[in-house]
$ cat structure_2.txt   # compact mmCIF, C-alpha atoms
# COMPACT_ATOMS: atom_id res chain seq x y z
CA MET A 1 -54.32 -72.02 27.97
CA ARG A 2 -50.76 -70.76 27.89
CA ARG A 3 -48.74 -70.33 31.04
CA TRP A 4 -45.06 -69.45 31.26
CA LEU A 5 -41.47 -70.54 30.51
CA HIS A 6 -39.25 -70.24 32.78
CA VAL A 7 0.69 -41.59 40.19
CA LEU A 8 10.01 -38.14 42.12
CA ALA A 9 10.84 -35.24 40.76
CA LEU A 10 14.59 -34.57 41.46
CA ALA A 11 15.31 -31.11 42.78
CA GLY A 12 17.60 -29.23 40.40
CA ALA A 13 21.00 -28.31 41.85
CA ALA A 14 21.03 -24.91 40.16
CA THR A 15 23.71 -22.78 41.88
CA ALA A 16 23.70 -19.06 41.13
CA VAL A 17 26.86 -17.01 41.78
CA LEU A 18 25.84 -13.41 42.27
CA ALA A 19 28.33 -10.53 41.75
CA GLY A 20 28.34 -7.66 44.19
CA CYS A 21 27.20 -7.53 47.75
CA ALA A 22 24.69 -9.87 49.15
CA GLN A 23 23.48 -10.52 52.62
CA VAL A 24 24.41 -13.95 53.80
CA HIS A 25 21.46 -15.94 55.05
CA ARG A 26 22.02 -17.03 58.60
CA ALA A 27 20.12 -19.30 60.90
CA ASP A 28 17.37 -17.46 62.74
CA GLY A 29 17.04 -19.93 65.56
CA ASP A 30 13.67 -21.23 64.35
CA LEU A 31 14.17 -24.65 62.87
CA ILE A 32 10.67 -25.14 61.46
CA ASP A 33 9.42 -21.88 59.96
CA ASP A 34 11.14 -22.38 56.59
CA TRP A 35 9.52 -25.75 55.86
CA ALA A 36 6.42 -25.85 53.67
CA ALA A 37 3.38 -27.58 55.12
CA LEU A 38 2.83 -31.13 53.95
CA PRO A 39 -0.12 -31.54 51.59
CA VAL A 40 -3.32 -33.11 52.90
CA PRO A 41 -3.42 -36.79 51.87
CA GLN A 42 -5.90 -37.43 49.07
CA LEU A 43 -7.91 -40.64 49.01
CA PHE A 44 -8.23 -42.41 45.69
CA VAL A 45 -11.59 -41.99 43.93
CA PRO A 46 -12.34 -43.57 40.52
CA ALA A 47 -13.04 -41.34 37.53
CA THR A 48 -16.54 -40.84 36.21
CA GLU A 49 -17.47 -41.36 32.58
CA ALA A 50 -14.42 -43.55 32.05
CA CYS A 51 -14.12 -46.85 30.23
CA LEU A 52 -12.53 -49.90 31.82
CA PRO A 53 -10.53 -52.87 30.53
CA ARG A 54 -11.98 -55.10 33.23
CA LEU A 55 -14.80 -55.34 35.74
CA SER A 56 -14.45 -55.86 39.47
CA THR A 57 -16.65 -55.56 42.51
CA VAL A 58 -13.70 -54.20 44.54
CA VAL A 59 -11.36 -51.50 43.16
CA ALA A 60 -7.84 -50.84 44.47
CA ALA A 61 -5.87 -47.69 43.57
CA ALA A 62 -2.77 -49.77 42.75
CA THR A 63 -4.53 -51.72 40.00
CA TYR A 64 -7.01 -49.10 38.76
CA GLU A 65 -6.86 -48.52 35.01
CA THR A 66 -8.98 -46.74 32.40
CA VAL A 67 -8.94 -46.85 28.61
CA ASN A 68 -10.25 -44.71 25.76
CA CYS A 69 -13.92 -45.42 25.17
CA ALA A 70 -13.30 -45.25 21.41
CA GLY A 71 -11.22 -48.41 21.72
CA SER A 72 -12.11 -51.87 22.96
CA HIS A 73 -13.22 -52.00 26.58
CA LEU A 74 -15.30 -54.18 28.85
CA ALA A 75 -17.29 -51.65 30.86
CA GLU A 76 -18.07 -47.97 31.28
CA THR A 77 -18.39 -46.05 34.56
CA VAL A 78 -21.59 -44.05 34.48
CA HIS A 79 -21.46 -42.60 38.00
CA VAL A 80 -19.39 -42.45 41.18
CA GLY A 81 -21.49 -41.80 44.26
CA ARG A 82 -20.77 -41.48 47.96
CA PHE A 83 -22.12 -43.19 51.03
CA THR A 84 -23.32 -40.64 53.56
CA GLY A 85 -25.03 -40.64 56.95
CA PRO A 86 -25.40 -43.99 58.74
CA ALA A 87 -24.32 -45.84 55.59
CA ALA A 88 -20.86 -44.23 55.88
CA GLN A 89 -20.41 -45.48 59.43
CA GLY A 90 -19.07 -48.84 60.52
CA VAL A 91 -18.06 -51.56 58.11
CA ARG A 92 -18.23 -51.41 54.34
CA PRO A 93 -21.74 -52.17 53.02
CA GLU A 94 -22.28 -55.64 51.69
CA PRO A 95 -24.97 -57.20 49.44
CA GLY A 96 -28.32 -57.25 51.19
CA SER A 97 -27.62 -54.13 53.24
CA PRO A 98 -29.96 -51.13 52.97
CA ALA A 99 -26.92 -48.94 52.16
CA LEU A 100 -26.03 -50.99 49.08
CA ARG A 101 -29.63 -51.13 47.90
CA THR A 102 -29.77 -47.32 48.12
CA ALA A 103 -26.49 -47.07 46.19
CA ARG A 104 -27.80 -49.37 43.49
CA ALA A 105 -30.94 -47.28 43.11
CA GLU A 106 -28.72 -44.23 42.54
CA CYS A 107 -26.68 -46.19 40.00
CA ASP A 108 -29.83 -47.28 38.25
CA GLN A 109 -31.10 -43.71 37.89
CA ARG A 110 -27.76 -42.39 36.59
CA ALA A 111 -27.55 -45.25 34.10
CA ARG A 112 -31.02 -44.42 32.79
CA GLU A 113 -30.08 -40.76 32.39
CA MET A 114 -26.93 -41.68 30.47
CA ILE A 115 -28.34 -44.20 28.03
CA GLY A 116 -31.85 -42.79 27.66
CA GLY A 117 -33.93 -45.58 29.18
CA ASP A 118 -34.07 -48.67 31.37
CA TRP A 119 -30.81 -50.61 30.93
CA ARG A 120 -32.69 -53.83 31.62
CA ALA A 121 -34.52 -53.39 28.32
CA ALA A 122 -31.25 -54.11 26.50
CA ARG A 123 -28.26 -56.45 26.49
CA LEU A 124 -26.68 -54.57 29.39
CA THR A 125 -25.72 -55.30 32.96
CA LEU A 126 -25.19 -52.85 35.83
CA ASN A 127 -22.48 -53.56 38.40
CA ILE A 128 -21.46 -51.82 41.63
CA ALA A 129 -17.81 -51.59 42.70
CA LEU A 130 -16.61 -50.61 46.18
CA PRO A 131 -13.27 -49.55 47.71
CA THR A 132 -11.11 -52.17 49.38
CA VAL A 133 -11.66 -52.79 53.08
CA THR A 134 -8.33 -51.08 53.79
CA ALA A 135 -9.37 -48.01 51.78
CA TRP A 136 -12.75 -47.98 53.54
CA THR A 137 -11.01 -48.07 56.92
CA SER A 138 -8.86 -45.12 55.74
CA GLY A 139 -11.95 -43.09 54.89
CA ALA A 140 -12.96 -43.99 51.34
CA ARG A 141 -16.75 -43.81 51.03
CA TRP A 142 -17.40 -44.00 47.28
CA PHE A 143 -19.21 -46.51 45.18
CA ARG A 144 -18.81 -46.89 41.42
CA CYS A 145 -21.55 -47.74 38.91
CA ASP A 146 -20.45 -49.61 35.79
CA LEU A 147 -22.47 -50.59 32.71
CA ALA A 148 -21.37 -53.38 30.41
CA GLU A 149 -22.74 -54.96 27.26
CA THR A 150 -23.65 -58.62 27.57
CA ASP A 151 -23.60 -61.48 25.12
CA SER A 152 -27.34 -62.18 25.20
CA ILE A 153 -30.44 -62.26 27.38
CA ASP A 154 -29.43 -65.78 28.42
CA ASN A 155 -25.68 -65.18 28.82
CA THR A 156 -25.10 -62.05 30.90
CA ARG A 157 -21.31 -62.39 30.73
CA PRO A 158 -19.91 -58.92 29.83
CA VAL A 159 -18.34 -58.70 26.37
CA ASN A 160 -15.84 -56.20 24.92
CA ARG A 161 -17.30 -53.34 22.89
CA VAL A 162 -16.14 -50.18 21.08
CA GLY A 163 -17.73 -46.78 21.75
CA SER A 164 -19.54 -45.18 24.66
CA LEU A 165 -22.97 -46.34 25.75
CA ARG A 166 -24.21 -42.77 26.10
CA GLY A 167 -27.61 -42.54 24.41
CA ALA A 168 -27.62 -46.27 23.67
CA LEU A 169 -31.37 -46.61 24.10
CA VAL A 170 -32.24 -43.58 21.98
CA GLY A 171 -33.42 -44.62 18.52
CA ASP A 172 -32.98 -47.97 16.86
CA ASN A 173 -30.12 -49.78 18.61
CA PRO A 174 -29.32 -53.51 18.27
CA LEU A 175 -28.70 -53.70 22.03
CA VAL A 176 -32.41 -53.29 22.72
CA HIS A 177 -34.49 -56.42 23.35
CA ARG A 178 -37.16 -56.90 20.73
CA CYS A 179 -38.29 -60.17 19.16
CA PHE A 180 -37.02 -63.70 19.74
CA ASP A 181 -37.58 -67.23 18.55
CA PRO A 182 -37.27 -69.30 21.74
CA LYS A 183 -35.56 -72.68 21.50
CA LEU A 184 -36.99 -75.39 23.72
CA ILE A 185 -35.88 -78.73 25.03
CA GLY A 186 -39.15 -80.47 25.66
CA GLN A 187 -41.26 -78.00 27.57
CA ASN A 188 -38.24 -76.17 28.97
CA LEU A 189 -36.75 -72.99 27.55
CA ASN A 190 -33.18 -73.59 26.36
CA TYR A 191 -32.31 -70.13 25.02
CA MET A 192 -33.82 -67.11 23.30
CA ALA A 193 -32.62 -66.56 19.73
CA PRO A 194 -32.98 -62.86 18.76
CA VAL A 195 -34.61 -62.25 15.37
CA LEU A 196 -36.09 -59.34 13.48
CA CYS A 197 -39.72 -58.77 14.36
CA THR A 198 -40.57 -59.21 10.66
CA GLU A 199 -39.15 -62.76 10.80
CA PRO A 200 -41.14 -65.67 12.23
CA HIS A 201 -40.92 -65.60 16.01
CA ARG A 202 -42.81 -66.62 19.12
CA ALA A 203 -41.65 -64.10 21.74
CA GLU A 204 -41.31 -60.35 22.16
CA PHE A 205 -39.96 -58.20 24.99
CA VAL A 206 -42.73 -56.12 26.55
CA GLY A 207 -41.17 -54.45 29.60
CA VAL A 208 -39.88 -54.69 33.16
CA TYR A 209 -41.78 -54.69 36.42
CA GLU A 210 -40.34 -54.18 39.91
CA GLU A 211 -40.76 -56.48 42.89
CA ARG A 212 -40.24 -54.46 46.05
CA ASP A 213 -41.36 -55.97 49.34
CA MET A 214 -40.44 -59.60 48.81
CA SER A 215 -37.51 -61.79 49.83
CA TRP A 216 -35.59 -63.87 47.30
CA ALA A 217 -37.02 -67.06 48.80
CA GLU A 218 -40.56 -65.72 48.49
CA PHE A 219 -39.97 -64.63 44.93
CA THR A 220 -38.60 -67.97 43.76
CA LYS A 221 -41.74 -69.69 45.06
CA GLY A 222 -44.11 -67.28 43.35
CA ALA A 223 -43.88 -68.11 39.63
CA PRO A 224 -47.66 -67.84 39.09
CA ALA A 225 -47.69 -64.33 40.61
CA THR A 226 -44.71 -63.31 38.45
CA HIS A 227 -46.47 -64.69 35.40
CA ARG A 228 -49.57 -62.67 36.24
CA ARG A 229 -47.57 -59.43 36.62
CA CYS A 230 -45.98 -60.05 33.22
CA MET A 231 -49.38 -60.74 31.68
CA THR A 232 -50.52 -57.28 32.79
CA LEU A 233 -47.51 -55.80 30.95
CA ILE A 234 -48.34 -57.88 27.89
CA ALA A 235 -51.92 -56.59 27.83
CA ALA A 236 -50.74 -52.97 28.05
CA PHE A 237 -48.04 -53.53 25.39
CA ALA A 238 -50.40 -55.17 22.90
CA GLU A 239 -53.36 -52.96 23.86
CA VAL A 240 -55.70 -55.85 24.58
CA PRO A 241 -58.00 -56.30 27.61
CA ASP A 242 -56.38 -57.62 30.76
CA ASN A 243 -59.19 -60.05 31.45
CA ALA A 244 -60.01 -63.75 31.52
CA GLU A 245 -59.43 -64.03 27.77
CA LEU A 246 -55.83 -62.82 27.97
CA PRO A 247 -54.33 -66.29 28.65
CA TYR A 248 -55.95 -67.46 25.40
CA ARG A 249 -54.15 -64.68 23.50
CA ALA A 250 -50.61 -65.15 24.84
CA GLY A 251 -48.44 -66.56 27.59
CA SER A 252 -45.31 -65.18 29.24
CA ILE A 253 -41.58 -65.77 29.55
CA PHE A 254 -39.79 -63.94 32.36
CA TYR A 255 -36.18 -63.33 33.36
CA PRO A 256 -35.59 -62.30 37.00
CA PRO A 257 -32.35 -60.79 38.34
CA SER A 258 -29.81 -63.15 39.87
CA GLN A 259 -29.83 -63.81 43.61
CA ARG A 260 -26.77 -61.53 44.01
CA GLU A 261 -28.43 -58.75 42.04
CA TRP A 262 -31.58 -59.20 44.08
CA ALA A 263 -29.63 -58.88 47.32
CA GLU A 264 -28.01 -55.67 46.01
CA GLY A 265 -31.44 -54.21 45.29
CA ASP A 266 -32.16 -55.01 41.64
CA ARG A 267 -35.74 -56.28 41.63
CA GLY A 268 -36.50 -55.79 37.94
CA VAL A 269 -38.16 -58.73 36.18
CA ARG A 270 -37.95 -58.73 32.37
CA CYS A 271 -41.17 -59.87 30.74
CA PHE A 272 -41.74 -61.32 27.28
CA LEU A 273 -44.90 -62.23 25.40
CA TRP A 274 -44.92 -65.93 24.47
CA SER A 275 -46.93 -67.35 21.58
CA ASP A 276 -46.86 -71.12 21.80
CA ASP A 277 -49.43 -72.00 19.15
CA ARG A 278 -48.46 -69.80 16.22
CA LYS A 279 -45.53 -67.90 14.74
CA LEU A 280 -45.74 -64.11 14.62
CA ASN A 281 -44.28 -62.01 11.80
CA ARG A 282 -44.67 -58.52 13.24
CA SER A 283 -44.41 -56.77 16.56
CA VAL A 284 -47.56 -56.97 18.64
CA ARG A 285 -46.99 -53.53 20.15
CA GLY A 286 -50.38 -51.84 19.91
CA ALA A 287 -51.74 -54.69 17.80
CA GLY A 288 -55.08 -54.76 19.62
CA PRO A 289 -57.48 -57.72 19.82
CA GLU A 290 -57.33 -58.36 16.08
CA GLY A 291 -53.52 -58.48 16.03
CA LEU A 292 -53.44 -60.75 19.09
CA PRO A 293 -56.67 -62.74 18.84
CA VAL A 294 -58.14 -65.28 21.22
CA THR A 295 -57.28 -68.79 20.02
$ encode --input "structure_2.txt" --output "C-alpha cells"
Amino acid sequence: MRRWLHVLALAGAATAVLAGCAQVHRADGDLIDDWAALPVPQLFVPATEACLPRLSTVVAAATYETVNCAGSHLAETVHVGRFTGPAAQGVRPEPGSPALRTARAECDQRAREMIGGDWRAARLTLNIALPTVTAWTSGARWFRCDLAETDSIDNTRPVNRVGSLRGALVGDNPLVHRCFDPKLIGQNLNYMAPVLCTEPHRAEFVGVYEERDMSWAEFTKGAPATHRRCMTLIAAFAEVPDNAELPYRAGSIFYPPSQREWAEGDRGVRCFLWSDDRKLNRSVRGAGPEGLPVT
C-alpha cells in the first residue's frame, strides 16, 4: 500500500513693458485673497499592472520603482486593494490577522482573473506588500498583490522573467505543473524533477485543495488527513473510484504553503499522484481503472 512523501519648476521672470496707459495695481488691504489655495496632499499608492525589479513586503514611496514588463523583472503587480471598515482602523495589519487574510483572498481572486487559473497550479508565488508604518499612520490604507515566477516546485525563490504573466495559465504554458520524476534519498523526497508526461515519470500534479478551519500546528500534525484529501483529488483526476482500492492504485505527494503564507491566509495544498512501483509514460488524467490499475 502506498502512502505519501512528504516625483521645482523655476518661475519665469518674464517682464512685459506695455505702451500706453495702464492702471497701476495697488494693494487692496487684503493680504491673502491673491494667494492660490495649496493643493490637497496626495498619499502615495503603487501602480496596478506594473512590473517590478524587486519584491518587498513593505513599500516606501522613496524607493518605489517600476520597469517595463517587456524587459527583465522579478515580479508583476496584479492588483492594489484597500483596507476598509475595521481593518482600516488601528495599527497596520500583520500576518495572522483577519484583515490580512481577507486582503490575501482578494489578491488570490485578482491573480486568478489575470492569469486564467489558480496560480498555485504553476511555478508562481503570490506576495502581499503593505505601506510603511509611517505611511499607514499618515493615512495609507492600500495593499499590493504581486505575482512572481519561481525556480521550481521545491525552490520558491522568485526568478527574473521577461513578459507579462497575463493569461499565463491559458493554453500550454511551461509554468504549469504537470509531470515529475521525483528524486529520493532513501524514503525521503529530495526534489521533484519536471519531465514531459510522455517521458518516464512517477508523479503528476492533480490539483489544490483548501484547508480552512485549522491552525498551522494542527495542520502539521495531520499528514494522514492531508494525504486522504489529496487521494480524493487523485481519484477525481484519474477518474477512478475513491474507495478502498485507491491506495493500491497510487499514493500522494503534497506541498503545503509555508507557515508565513498560512498565517497570511493561503491554505492551498498542492497534491500530486505518486506511483512508487512503476514508471508512467502518459498523463493519468481521465485514465480510468485500466490506465491506473490496482497493483
$ closest_residue --input "structure_2.txt" --among "A:Gly81, A:Gly268, A:Pro158, A:Gly167" --to "Leu55 of chain A" --atoms "all atoms listed in the file"
A:Pro158
$ closest_atom_pairs --input "structure_2.txt" --of "segment 162-269 of chain A" --to "segment 91-104 of chain A" --cutoff "9 Å" --atoms "only C-alpha atoms" --output "Markdown table"
| residue | atom | partner | partner_atom | distance |
| --- | --- | --- | --- | --- |
| A:Arg260 | CA | A:Pro95 | CA | 7.2 |
| A:Glu261 | CA | A:Pro95 | CA | 8.3 |
| A:Trp262 | CA | A:Gly96 | CA | 8.1 |
| A:Ala263 | CA | A:Gly96 | CA | 4.4 |
| A:Glu264 | CA | A:Pro95 | CA | 4.8 |
| A:Gly265 | CA | A:Arg101 | CA | 4.4 |
| A:Asp266 | CA | A:Arg104 | CA | 7.4 |
$ residues_around --input "structure_2.txt" --residues "Asp108 of chain A" --least-positions-apart "3" --cutoff "9 Å" --atoms "only C-alpha atoms" --output "list in words"
Ala103, Arg104, Ala105, Ala111, Arg112, Glu113, Asp118, Trp119, Leu126, Cys145 and Asp266 of chain A
$ residues_around --input "structure_2.txt" --residues "Gly171 of chain A" --least-positions-apart "6" --cutoff "12 Å" --atoms "all atoms listed in the file" --output "ChimeraX atom specification"
/A:115-117
$ residues_around --input "structure_2.txt" --residues "Val240 of chain A" --least-positions-apart "4" --cutoff "10 Å" --atoms "all atoms listed in the file" --output "VMD selection string"
chain A and resid 232 234 to 236 245 to 246 249 286 to 293
$ closest_atom_pairs --input "structure_2.txt" --of "segment 122-229 of chain A" --to "segment 61-72 of chain A" --cutoff "10 Å" --atoms "only C-alpha atoms" --output "Markdown table"
| residue | atom | partner | partner_atom | distance |
| --- | --- | --- | --- | --- |
| A:Pro131 | CA | A:Ala61 | CA | 8.7 |
| A:Thr132 | CA | A:Ala61 | CA | 9.0 |
| A:Ala135 | CA | A:Ala61 | CA | 8.9 |
| A:Val159 | CA | A:Ser72 | CA | 9.9 |
| A:Asn160 | CA | A:Ser72 | CA | 6.0 |
| A:Arg161 | CA | A:Ser72 | CA | 5.4 |
| A:Val162 | CA | A:Ser72 | CA | 4.8 |
| A:Gly163 | CA | A:Ala70 | CA | 4.7 |
| A:Ser164 | CA | A:Cys69 | CA | 5.6 |
| A:Leu165 | CA | A:Cys69 | CA | 9.1 |
